[in-house]
file my_file03.cif (mmCIF, C-alpha atoms)
data_input
loop_
_atom_site.label_atom_id
_atom_site.label_comp_id
_atom_site.auth_asym_id
_atom_site.auth_seq_id
_atom_site.Cartn_x
_atom_site.Cartn_y
_atom_site.Cartn_z
CA MET A 1 132.15 88.49 93.18
CA LYS A 2 132.59 88.03 96.88
CA ASN A 3 131.03 85.13 98.74
CA SER A 4 131.16 84.26 102.41
CA VAL A 5 129.51 81.47 104.33
CA ASP A 6 129.19 81.85 108.10
CA GLY A 7 132.11 84.24 108.27
CA GLY A 8 134.38 81.86 106.33
CA LYS A 9 133.67 78.72 108.35
CA SER A 10 133.04 75.56 106.37
CA MET A 11 129.50 74.29 106.90
CA LYS A 12 127.96 71.25 105.26
CA PHE A 13 124.65 69.56 105.76
CA ASP A 14 122.59 66.56 104.72
CA VAL A 15 120.20 66.60 101.78
CA CYS A 16 117.14 64.40 102.17
CA ILE A 17 115.21 63.48 99.03
CA CYS A 18 111.74 62.12 99.78
CA SER A 19 109.85 60.40 96.98
CA GLU A 20 107.16 57.76 97.02
CA ASP A 21 108.16 56.84 93.47
CA PHE A 22 111.66 55.40 93.79
CA ALA A 23 112.62 55.99 90.14
CA SER A 24 111.71 59.71 90.27
CA GLY A 25 113.71 60.12 93.47
CA GLU A 26 116.75 58.41 92.01
CA CYS A 27 116.51 60.61 88.91
CA PHE A 28 116.56 63.71 91.10
CA CYS A 29 119.49 62.33 93.13
CA GLN A 30 121.58 62.51 89.97
CA LYS A 31 121.44 66.30 90.21
CA PHE A 32 123.94 66.05 93.09
CA ASN A 33 126.58 64.09 91.21
CA GLY A 34 128.49 67.22 90.25
CA GLY A 35 128.47 71.00 90.25
CA PRO A 36 128.93 73.75 92.83
CA GLU A 37 126.25 72.38 95.15
CA LEU A 38 128.62 69.58 96.21
CA SER A 39 130.71 72.08 98.18
CA LEU A 40 127.75 72.51 100.52
CA VAL A 41 126.63 68.88 100.81
CA LYS A 42 127.89 66.26 103.25
CA ARG A 43 125.65 63.44 102.07
CA VAL A 44 122.51 62.79 100.03
CA CYS A 45 119.86 60.49 101.44
CA HIS A 46 116.95 59.13 99.38
CA LEU A 47 113.92 57.91 101.32
CA SER A 48 110.92 56.35 99.60
CA SER A 49 108.47 55.66 102.42
CA LEU A 50 106.82 57.67 105.19
CA LYS A 51 108.17 55.30 107.84
CA ARG A 52 111.74 55.87 106.69
CA VAL A 53 111.22 59.63 106.63
CA ALA A 54 109.82 59.56 110.18
CA ARG A 55 112.78 57.46 111.37
CA TYR A 56 115.25 59.80 109.66
CA LEU A 57 113.69 62.86 111.31
CA THR A 58 114.45 61.48 114.77
CA GLN A 59 118.15 62.09 114.02
CA LYS A 60 117.47 65.84 113.67
CA PRO A 61 120.52 66.61 111.46
CA ASN A 62 121.81 70.17 111.35
CA TYR A 63 121.51 72.45 108.33
CA GLN A 64 118.95 70.19 106.71
CA VAL A 65 117.24 70.68 103.37
CA TYR A 66 114.47 68.45 102.08
CA PHE A 67 113.41 67.91 98.46
CA VAL A 68 109.96 66.31 98.26
CA VAL A 69 109.60 64.75 94.80
CA PHE A 70 106.17 63.78 93.47
CA ALA A 71 104.26 63.59 90.19
CA HIS A 72 100.49 63.23 90.28
CA TRP A 73 98.73 64.63 93.33
CA ASP A 74 98.30 62.32 96.29
CA THR A 75 98.63 62.71 100.04
CA TYR A 76 102.23 61.45 100.24
CA ALA A 77 103.92 64.81 99.64
CA LEU A 78 101.64 66.62 102.08
CA LYS A 79 102.21 63.98 104.77
CA VAL A 80 106.00 64.23 104.31
CA CYS A 81 105.90 68.03 104.64
CA ARG A 82 103.81 67.78 107.79
CA LEU A 83 106.19 65.22 109.28
CA ILE A 84 109.13 67.53 108.63
CA ARG A 85 107.37 70.59 110.05
CA ALA A 86 106.35 68.68 113.19
CA VAL A 87 110.03 68.07 113.97
CA ASP A 88 111.65 71.23 112.58
CA LYS A 89 109.55 74.28 111.72
CA PHE A 90 112.59 76.04 110.24
CA ALA A 91 113.68 73.26 107.86
CA VAL A 92 114.04 74.17 104.19
CA ILE A 93 111.50 72.24 102.12
CA SER A 94 111.44 72.35 98.32
CA LEU A 95 108.77 70.67 96.23
CA VAL A 96 109.84 69.05 92.97
CA THR A 97 107.06 67.91 90.67
CA THR A 98 106.17 67.29 87.04
CA GLN A 99 102.93 69.18 87.67
CA PRO A 100 103.55 72.33 89.78
CA VAL A 101 99.82 73.08 89.99
CA ASN A 102 99.50 70.08 92.32
CA ALA A 103 101.77 71.80 94.85
CA MET A 104 99.10 74.38 95.76
CA ALA A 105 97.41 72.04 98.25
CA ILE A 106 100.69 71.78 100.16
CA ILE A 107 101.30 75.53 100.01
CA GLN A 108 97.81 76.22 101.32
CA SER A 109 98.22 73.70 104.15
CA ARG A 110 100.56 76.12 106.00
CA VAL A 111 103.54 73.74 106.04
CA TYR A 112 105.28 76.48 104.02
CA PRO A 113 107.62 74.95 101.45
CA LEU A 114 110.47 77.24 100.47
CA ASN A 115 110.26 76.61 96.75
CA THR A 116 108.29 74.79 94.09
CA TYR A 117 109.58 73.86 90.67
CA SER A 118 109.41 71.31 87.90
CA ILE A 119 111.80 68.39 87.74
CA GLY A 120 112.28 69.28 84.08
CA ASP A 121 113.25 72.92 84.78
CA SER A 122 116.25 73.85 82.65
CA ASP A 123 117.44 76.13 85.48
CA LEU A 124 117.03 73.44 88.13
CA ASN A 125 120.71 73.17 89.14
CA ARG A 126 120.98 76.89 89.92
CA ARG A 127 117.77 76.77 91.92
CA ILE A 128 119.05 73.80 93.91
CA VAL A 129 122.15 75.79 94.86
CA THR A 130 119.93 78.71 95.91
CA ASP A 131 117.95 76.42 98.23
CA LEU A 132 121.12 74.96 99.72
CA LYS A 133 122.45 78.43 100.48
CA ALA A 134 119.12 79.38 102.05
CA SER A 135 119.28 76.35 104.33
CA LEU A 136 122.50 77.72 105.82
CA ARG A 137 120.79 81.00 106.66
CA LEU A 138 117.66 79.67 108.35
CA PRO A 139 119.16 78.37 111.64
CA MET A 140 121.13 81.59 112.15
CA ILE A 141 118.22 83.86 111.37
CA GLY A 142 115.98 81.74 113.56
CA SER A 143 118.30 82.09 116.54
CA SER A 144 118.88 85.80 116.07
CA GLN A 145 115.30 86.98 115.51
CA LYS A 146 112.80 87.10 118.33
CA ASN A 147 110.20 85.62 115.98
CA GLY A 148 112.36 82.57 115.33
CA GLY A 149 112.72 82.85 111.56
CA TRP A 150 109.12 83.89 110.88
CA PHE A 151 107.69 87.17 109.64
CA PHE A 152 104.59 88.40 111.45
CA PHE A 153 102.78 91.57 110.41
CA GLU A 154 99.42 92.98 111.39
CA ASN A 155 97.53 96.23 110.86
CA LYS A 156 93.84 97.16 110.84
CA SER A 157 93.30 95.41 107.52
CA ILE A 158 95.45 92.26 107.42
CA SER A 159 97.50 89.74 109.36
CA LEU A 160 100.49 88.02 107.73
CA GLN A 161 102.46 85.02 108.97
CA LEU A 162 105.20 83.78 106.63
CA PRO A 163 108.60 82.08 106.93
CA LEU A 164 111.09 84.97 106.92
CA LEU A 165 113.21 83.57 104.09
CA ASP A 166 110.14 82.94 101.96
CA VAL A 167 109.61 86.69 101.55
CA ASN A 168 111.69 88.25 98.78
CA TYR A 169 110.37 91.80 98.60
CA PHE A 170 107.41 94.17 98.79
CA GLN A 171 106.46 96.68 96.13
CA THR A 172 103.79 99.34 95.69
CA ALA A 173 100.75 97.93 93.94
CA ASP A 174 98.68 99.47 91.16
CA GLU A 175 95.79 99.95 93.58
CA PRO A 176 96.00 102.88 96.03
CA HIS A 177 97.01 102.07 99.62
CA LYS A 178 98.05 98.53 98.68
CA ILE A 179 101.35 96.69 98.28
CA ASP A 180 102.38 93.42 96.61
CA VAL A 181 104.02 90.73 98.75
CA VAL A 182 106.37 88.70 96.53
CA THR A 183 107.47 85.32 97.94
CA ASN A 184 109.36 82.40 96.42
CA PHE A 185 106.18 80.90 95.02
CA SER A 186 103.47 83.56 95.02
CA LYS A 187 102.51 87.20 94.72
CA ARG A 188 99.63 88.66 96.68
CA THR A 189 98.22 92.16 97.08
CA VAL A 190 97.44 93.39 100.60
CA THR A 191 96.36 96.64 102.24
CA ALA A 192 99.48 98.06 103.88
CA LYS A 193 102.26 100.63 103.52
CA LEU A 194 105.91 99.99 102.75
CA SER A 195 106.81 102.16 105.73
CA GLU A 196 104.94 99.71 107.99
CA ILE A 197 106.90 96.75 106.63
CA VAL A 198 110.29 98.35 107.27
CA VAL A 199 109.63 98.71 110.99
CA ALA A 200 108.04 95.26 111.30
CA ASN A 201 111.30 93.29 111.00
CA PRO A 202 115.01 94.23 110.90
CA SER A 203 115.61 91.96 107.89
CA PHE A 204 113.81 94.44 105.60
CA ILE A 205 115.23 97.61 104.09
CA ARG A 206 113.66 100.18 101.80
CA VAL A 207 115.89 100.43 98.72
CA HIS A 208 113.61 102.53 96.52
CA ARG A 209 110.42 104.52 96.95
CA SER A 210 108.53 101.55 95.49
CA PHE A 211 110.45 98.61 96.97
CA VAL A 212 111.34 97.04 100.32
CA VAL A 213 113.58 93.96 100.12
CA ASN A 214 114.51 91.13 102.46
CA VAL A 215 118.29 91.47 102.90
CA PRO A 216 119.03 87.70 103.35
CA ASN A 217 117.42 87.06 99.94
CA ILE A 218 119.66 89.45 98.01
CA GLU A 219 121.81 87.35 95.70
CA VAL A 220 123.76 90.06 93.84
CA MET A 221 124.13 93.82 94.18
CA ASP A 222 125.26 95.49 90.95
CA ARG A 223 126.46 98.98 91.80
CA SER A 224 127.02 100.04 88.20
CA LEU A 225 123.40 99.25 87.27
CA GLN A 226 122.04 100.24 90.70
CA MET A 227 120.22 96.94 90.80
CA LEU A 228 119.65 94.01 93.17
CA MET A 229 119.20 90.44 91.97
CA MET A 230 116.95 88.51 94.36
CA ASN A 231 116.99 84.77 95.01
CA ASN A 232 113.89 84.27 92.87
CA GLY A 233 115.62 85.94 89.90
CA ASP A 234 113.75 89.28 90.07
CA GLN A 235 115.71 92.51 89.62
CA ILE A 236 115.01 95.38 92.01
CA PRO A 237 116.17 98.99 91.42
CA VAL A 238 118.11 100.79 94.15
CA ALA A 239 117.85 104.55 94.63
CA ARG A 240 121.22 106.26 94.28
CA ARG A 241 120.98 107.77 97.77
CA MET A 242 120.42 104.29 99.22
CA MET A 243 123.41 102.54 97.62
CA ALA A 244 125.79 103.05 100.55
CA GLU A 245 123.25 101.96 103.18
CA VAL A 246 122.22 98.86 101.22
CA GLY A 247 125.86 97.88 100.76
CA ALA A 248 126.46 98.31 104.49
CA ARG A 249 123.48 96.09 105.33
CA ILE A 250 124.73 93.38 102.97
CA ARG A 251 128.20 93.48 104.54
CA SER A 252 126.69 93.35 108.01
CA PHE A 253 124.59 90.33 107.12
CA ASN A 254 127.56 88.52 105.55
CA ALA A 255 129.70 89.14 108.61
CA GLY A 256 127.15 88.40 111.28
CA GLU A 257 124.59 85.88 109.99
CA GLY A 258 126.35 83.74 107.43
CA GLY A 259 124.63 84.98 104.31
CA VAL A 260 125.88 84.22 100.84
CA ILE A 261 125.62 87.47 98.90
CA GLY A 262 127.56 88.66 95.88
CA ALA A 263 128.59 92.26 95.31
CA GLN A 264 129.72 93.63 91.96
#
call {"tool": "encode", "arguments": {"input": "my_file03.cif", "output": "structure tokens"}}
result
Amino acid sequence: MKNSVDGGKSMKFDVCICSEDFASGECFCQKFNGGPELSLVKRVCHLSSLKRVARYLTQKPNYQVYFVVFAHWDTYALKVCRLIRAVDKFAVISLVTTQPVNAMAIIQSRVYPLNTYSIGDSDLNRRIVTDLKASLRLPMIGSSQKNGGWFFFENKSISLQLPLLDVNYFQTADEPHKIDVVTNFSKRTVTAKLSEIVVANPSFIRVHRSFVVNVPNIEVMDRSLQMLMMNNGDQIPVARRMMAEVGARIRSFNAGEGGVIGAQ
């Protein structure tokens, strides 16, 4: 396994945990007391009021990731996400809740959280690390893409606007002339062609006749199995003729944009 972060440079950032319920926030803070995520974290800050969050945002720390912790639905989590987006539209926001269904109102509000998961998720530590790695990629992708870290796509049938790192892959759908857009928290079917997606943004590459993937979201490439493991845990097949090109794109991303990608 080979990992590289920003071409070997050491980069750390602040983690901000926002929770109206102090006890829930403190419980989540304990997740950062040990494990591989500590190598990426400079400090962990727990804020339990909107005023403190607003004050914190004026500092505009670099390489920032926010975990918004909430239980039953109220407006606190949505207000926090909007505060963050007003200051930094590229910030990584993850929602942590005991009731994931309550996160849909935030997702639909277009503040675009990166991830949503349960505080009781048995795989929570690995997912935290994934979000921390993604936070390192966002500023570099934002500065290198003309769309500033966002994916825009439009044809005669649809218009899409999504955070670039939120998109994991596209696949052919069961319905003719349609494809599935698979993000970190949803899957939707739209009228489009995979060939249109490839030319829409340089982050995407066609790895199989049925799949187009977002290169920054490749976590592992297994050459023996001809398979990609994406950040959301999905496995994507790679056509044999595409193996060399996919490997080259991964190496290029690692060298130039600070990705964290494993190759086996």
call {"tool": "resolve_selection", "arguments": {"input": "my_file03.cif", "expression": "the PyMOL selection byres ((chain A and resi 166-171) around 6)", "output": "list in words"}}
result
Leu114, Pro163, Leu164, Leu165, Thr172, Ile179, Asp180, Val181, Val182, Thr183, Asn184, Ser210, Phe211, Val212, Val213, Asn214 and Asn217 of chain A
call {"tool": "closest_residue", "arguments": {"input": "my_file03.cif", "among": "A:Phe253, A:Arg240, A:Lys187, A:Arg43", "to": "A:Asp14", "atoms": "all atoms listed in the file"}}
result
A:Arg43
call {"tool": "atom_distance", "arguments": {"input": "my_file03.cif", "atom1": "atom CA of A:Met230", "atom2": "atom CA of A:Arg82"}}
result
28.0 Å
call {"tool": "closest_residue", "arguments": {"input": "my_file03.cif", "among": "A:Glu219, A:Glu20, A:Glu245, A:Asp234", "to": "A:Val53", "atoms": "all atoms listed in the file"}}
result
A:Glu20
call {"tool": "atom_distance", "arguments": {"input": "my_file03.cif", "atom1": "atom CA of A:Ser224", "atom2": "atom CA of A:Ala173"}}
result
27.0 Å
call {"tool": "closest_residue", "arguments": {"input": "my_file03.cif", "among": "A:Ile236, A:Val44, A:Cys29, A:Ile197", "to": "A:Val220", "atoms": "all atoms listed in the file"}}
result
A:Ile236
call {"tool": "atom_distance", "arguments": {"input": "my_file03.cif", "atom1": "atom CA of A:Ile17", "atom2": "atom CA of A:Met229"}}
result
28.2 Å
call {"tool": "closest_residue", "arguments": {"input": "my_file03.cif", "among": "A:Met242, A:Val215, A:Ala23, A:Val68", "to": "A:Leu50", "atoms": "all atoms listed in the file"}}
result
A:Val68
call {"tool": "resolve_selection", "arguments": {"input": "my_file03.cif", "expression": "the PyMOL selection byres ((chain A and resi 151-155) around 12)", "output": "PyMOL selection string"}}
result
chain A and resi 141-142+145-150+156-168+181+183+190-194+196-204+214
call {"tool": "axis_aligned_box", "arguments": {"input": "my_file03.cif", "around": "stretch 174-177 of chain A", "padding_each_side": "4 Å", "output": "AutoDock Vina command-line options"}}
result
--center_x 97.2 --center_y 101.2 --center_z 95.4 --size_x 10.9 --size_y 11.4 --size_z 16.5
